[in-house]
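Trainee: What follows is a structure written as structure tokens; I'll ask about it next.
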Amino acid sequence: MIDTSLLSRAEDLKKQIDLFHPFESPMHSQIRQYYKIGLTWSSNALEGNSLTESETKVLLEDGLTVGGKPIRDYYEATGHAKAYEYMYDLSRDRSLSENDVQTLHRLFYDQLDSHHAGIYRDQKAIITGSKYPLTKPEKIGSEMHKFIEWFAASEKSLHPVEIAALAHKKFVFIHPFVDGNGRVARLIMNISLMRNGYTIAIIPPILRGDYIAYLEKAHEDDSDFINFIASRVIETQKELLRIIGD
């Protein structure tokens with residue numbers, strides 16, 4: 001069962017944050033950069049990237065790398081940072097297209113594998129540890145079309161936090177790309193949140209076990225996953241209030 005008290009708490013915190021709006025230009029830029037580093041680091045770390053948050057910050061702000069780390073980890077960080085900026089642009093629109101989703105993936109994945117960047121997979125795939133099959137390649141196009149239609153319709157009928165969680169779930173279950181689906185799912189989730197006036201939700205890597213377990217359970221019952229995402233929205237909101245409150 002969805003915990004409506006979590007949704008109410010997120011609404012209350014949003015109202016508190018709204019009291020500080022509009023942010024002055026320097027503060028707005030600082031918050032945007034703060035979460036670019038935080039989301040890039042955490043989203044990549046959930047997928048096994050070895051860069052620390054400090055190393056991600058130095059890479060994105062100063063262009064400096066640390067010896068001994070795989071080059072792929074740097075490409076994932078710089079690619080995600082580009083996709084983050086595009087996510088910010090999309091958060092100002094009231095629509096989301098398949099081309100938008102493919103562009104998010106292309107920005108993230110181009111340095112890693114330009115041949116598959118932004119292109120739906122044409123091969124079967126599985127998720128290790130999951131007992132549920134992924135969408136067959138020949139059905140990805142139609143499933144993504146349905147996803148985009150659902151996304152547009154749901155923004156008018158569901159709670160913003162619920163929409164964000166369900167968008168994440170539905171996209172991951174389609175798994176349209178050869179790699180990077182989790183990171184694109186979290187970007188789409190945050191587009192939905194930002195469009196509705198919420199701050200982004202960060203899932204720290206320490207919660208990876210819970211995150212994966214709730215996502216797997218969501219094949220049968222997605223209420224725990226929605227509650228999990230709601231809790232992450234709340235914690236990120238509380239962090240932002242600590243920052244701007246000080």
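Chain labels A, B, ... are given in the sequence in which chains occur in the structure tokens; within each chain residues are numbered consecutively from 1, and ligands are likewise numbered from 1 in the order shown.
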When you look at stretch 49-63 of chain A with a cut-off of 10 Å (counting only C-alpha atoms), what residues show up, excluding the ones that are within fewer than 3 positions of it in the same chain? I need them as an NGL selection string.
Mentor: :A and (33-34 or 36-46 or 66 or 69-70 or 72-74 or 76-78 or 81)
Trainee: Write the residues of the preceding selection, restricted to N, CA and C atoms, as a PDB file, in the first residue's frame.
Mentor:
ATOM      1  N   GLN A  33      24.656  23.144  -9.699  1.00  0.00           N
ATOM      2  CA  GLN A  33      25.953  22.483  -9.747  1.00  0.00           C
ATOM      3  C   GLN A  33      26.091  21.450  -8.634  1.00  0.00           C
ATOM      4  N   TYR A  34      25.560  21.770  -7.465  1.00  0.00           N
ATOM      5  CA  TYR A  34      25.636  20.863  -6.317  1.00  0.00           C
ATOM      6  C   TYR A  34      24.977  19.530  -6.640  1.00  0.00           C
ATOM      7  N   LYS A  36      24.238  18.466  -9.684  1.00  0.00           N
ATOM      8  CA  LYS A  36      24.877  17.829 -10.844  1.00  0.00           C
ATOM      9  C   LYS A  36      25.960  16.874 -10.372  1.00  0.00           C
ATOM     10  N   ILE A  37      26.745  17.310  -9.409  1.00  0.00           N
ATOM     11  CA  ILE A  37      27.794  16.452  -8.851  1.00  0.00           C
ATOM     12  C   ILE A  37      27.170  15.304  -8.056  1.00  0.00           C
ATOM     13  N   GLY A  38      26.194  15.627  -7.207  1.00  0.00           N
ATOM     14  CA  GLY A  38      25.587  14.613  -6.355  1.00  0.00           C
ATOM     15  C   GLY A  38      24.859  13.539  -7.136  1.00  0.00           C
ATOM     16  N   LEU A  39      24.076  13.935  -8.138  1.00  0.00           N
ATOM     17  CA  LEU A  39      23.333  12.951  -8.918  1.00  0.00           C
ATOM     18  C   LEU A  39      24.252  12.160  -9.829  1.00  0.00           C
ATOM     19  N   THR A  40      25.230  12.825 -10.429  1.00  0.00           N
ATOM     20  CA  THR A  40      26.184  12.116 -11.285  1.00  0.00           C
ATOM     21  C   THR A  40      26.942  11.062 -10.496  1.00  0.00           C
ATOM     22  N   TRP A  41      27.450  11.453  -9.345  1.00  0.00           N
ATOM     23  CA  TRP A  41      28.197  10.484  -8.522  1.00  0.00           C
ATOM     24  C   TRP A  41      27.302   9.342  -8.063  1.00  0.00           C
ATOM     25  N   SER A  42      26.158   9.648  -7.459  1.00  0.00           N
ATOM     26  CA  SER A  42      25.323   8.601  -6.869  1.00  0.00           C
ATOM     27  C   SER A  42      24.745   7.667  -7.926  1.00  0.00           C
ATOM     28  N   SER A  43      24.273   8.227  -9.044  1.00  0.00           N
ATOM     29  CA  SER A  43      23.663   7.398 -10.076  1.00  0.00           C
ATOM     30  C   SER A  43      24.692   6.464 -10.693  1.00  0.00           C
ATOM     31  N   ASN A  44      25.894   6.960 -10.917  1.00  0.00           N
ATOM     32  CA  ASN A  44      26.956   6.106 -11.448  1.00  0.00           C
ATOM     33  C   ASN A  44      27.418   5.080 -10.417  1.00  0.00           C
ATOM     34  N   ALA A  45      27.523   5.498  -9.174  1.00  0.00           N
ATOM     35  CA  ALA A  45      27.984   4.584  -8.123  1.00  0.00           C
ATOM     36  C   ALA A  45      27.017   3.420  -7.945  1.00  0.00           C
ATOM     37  N   LEU A  46      25.727   3.665  -8.132  1.00  0.00           N
ATOM     38  CA  LEU A  46      24.745   2.591  -8.049  1.00  0.00           C
ATOM     39  C   LEU A  46      25.015   1.501  -9.082  1.00  0.00           C
ATOM     40  N   VAL A  66      42.047  11.186 -11.493  1.00  0.00           N
ATOM     41  CA  VAL A  66      42.856  10.526 -10.474  1.00  0.00           C
ATOM     42  C   VAL A  66      43.437   9.260 -11.079  1.00  0.00           C
ATOM     43  N   LYS A  69      42.190   4.857 -11.926  1.00  0.00           N
ATOM     44  CA  LYS A  69      40.768   4.602 -12.134  1.00  0.00           C
ATOM     45  C   LYS A  69      40.506   4.282 -13.610  1.00  0.00           C
ATOM     46  N   PRO A  70      39.567   3.377 -13.890  1.00  0.00           N
ATOM     47  CA  PRO A  70      39.256   3.022 -15.287  1.00  0.00           C
ATOM     48  C   PRO A  70      38.780   4.231 -16.082  1.00  0.00           C
ATOM     49  N   ARG A  72      36.676   4.277 -18.349  1.00  0.00           N
ATOM     50  CA  ARG A  72      35.228   4.198 -18.487  1.00  0.00           C
ATOM     51  C   ARG A  72      34.528   4.980 -17.379  1.00  0.00           C
ATOM     52  N   ASP A  73      35.074   4.935 -16.170  1.00  0.00           N
ATOM     53  CA  ASP A  73      34.449   5.631 -15.048  1.00  0.00           C
ATOM     54  C   ASP A  73      34.429   7.137 -15.275  1.00  0.00           C
ATOM     55  N   TYR A  74      35.492   7.659 -15.902  1.00  0.00           N
ATOM     56  CA  TYR A  74      35.533   9.089 -16.217  1.00  0.00           C
ATOM     57  C   TYR A  74      34.527   9.430 -17.312  1.00  0.00           C
ATOM     58  N   GLU A  76      31.777   7.866 -17.938  1.00  0.00           N
ATOM     59  CA  GLU A  76      30.437   7.802 -17.360  1.00  0.00           C
ATOM     60  C   GLU A  76      30.106   9.093 -16.619  1.00  0.00           C
ATOM     61  N   ALA A  77      31.086   9.643 -15.919  1.00  0.00           N
ATOM     62  CA  ALA A  77      30.855  10.875 -15.151  1.00  0.00           C
ATOM     63  C   ALA A  77      30.640  12.077 -16.069  1.00  0.00           C
ATOM     64  N   THR A  78      31.504  12.240 -17.058  1.00  0.00           N
ATOM     65  CA  THR A  78      31.361  13.391 -17.955  1.00  0.00           C
ATOM     66  C   THR A  78      30.115  13.254 -18.821  1.00  0.00           C
ATOM     67  N   ALA A  81      27.047  14.054 -16.698  1.00  0.00           N
ATOM     68  CA  ALA A  81      26.959  15.495 -16.469  1.00  0.00           C
ATOM     69  C   ALA A  81      26.314  16.200 -17.663  1.00  0.00           C
TER      70      ALA A  81
END
Trainee: In Å, rounded to a single decimal, give me how far atom CA of A:Gly182 is from atom CA of A:Gln123.
Mentor: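 Computing it gives 17.8 Å between the two atoms.
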Trainee: Excluding stretch 13-22 of chain A and its own-chain neighbours fewer than 2 positions away, which residues fall within 7 Å of it when counting only C-alpha atoms? Please give them as number ranges by chain.
Mentor: A: 9-11, 24, 198, 237, 241
Trainee: Print the selection's residues with C-alpha atoms to a file, as a PDB file, in the first residue's frame.
Mentor:
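Result saved to again06.pdb:
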ATOM      1  CA  ARG A   9       5.315  15.068   3.917  1.00  0.00           C
ATOM      2  CA  ALA A  10       6.885  15.693   0.495  1.00  0.00           C
ATOM      3  CA  GLU A  11       4.155  18.245  -0.237  1.00  0.00           C
ATOM      4  CA  GLU A  24      18.804  34.517  -6.762  1.00  0.00           C
ATOM      5  CA  TYR A 198       9.992  19.286  -6.515  1.00  0.00           C
ATOM      6  CA  GLN A 237      14.265  18.042   0.201  1.00  0.00           C
ATOM      7  CA  LEU A 241      16.377  23.059   3.261  1.00  0.00           C
TER       8      LEU A 241
END
Trainee: Can you list, as a PyMOL selection string, every protein, DNA or RNA residue that comes within 12 Å of A:His219 when you count only C-alpha atoms, leaving out same-chain residues fewer than 5 positions away?
Mentor: chain A and resi 130-134+166+169-170+172-174+212-214+224-225
Trainee: Can you spit out the residues from that selection as a compact mmCIF listing (two decimals), in the first residue's frame, using C-alpha atoms?
Mentor:
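Contents of the output file result_3.txt:
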# COMPACT_ATOMS: atom_id res chain seq x y z
CA SER A 130 16.06 -10.79 -11.76
CA LYS A 131 13.60 -13.55 -12.62
CA TYR A 132 11.56 -11.36 -14.94
CA PRO A 133 12.20 -11.12 -18.71
CA LEU A 134 12.88 -7.80 -20.38
CA LEU A 166 6.30 4.76 -11.82
CA LYS A 169 9.90 1.56 -12.94
CA LYS A 170 8.21 1.38 -16.34
CA VAL A 172 13.63 0.13 -16.48
CA PHE A 173 11.27 -2.75 -17.22
CA ILE A 174 11.31 -1.84 -20.93
CA ILE A 212 17.16 -3.20 -6.28
CA ALA A 213 14.94 -5.32 -4.02
CA TYR A 214 12.02 -2.88 -4.19
CA ASP A 224 7.09 -0.33 -1.72
CA PHE A 225 9.10 1.11 -4.60
Trainee: Could you give me the residues within stretch 56-111 of chain A that DSSP places in alpha helix (DSSP H), as a ChimeraX atom specification?
Mentor: /A:56-62,71-90,98-109
Trainee: Pick from A:Phe177, A:Val233, A:Glu220, A:Asp113: nearest to A:Ala201, with only C-alpha atoms counted?
Mentor: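 Using only C-alpha atoms, A:Ala201 sits closest to A:Val233.
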Trainee: Smallest atom-to-atom distance to A:Ile202: which of A:Leu187, A:Ala83, A:Ile71, A:Val101, using only C-alpha atoms?
Mentor: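 Selected residue with least distance to A:Ile202: A:Leu187.
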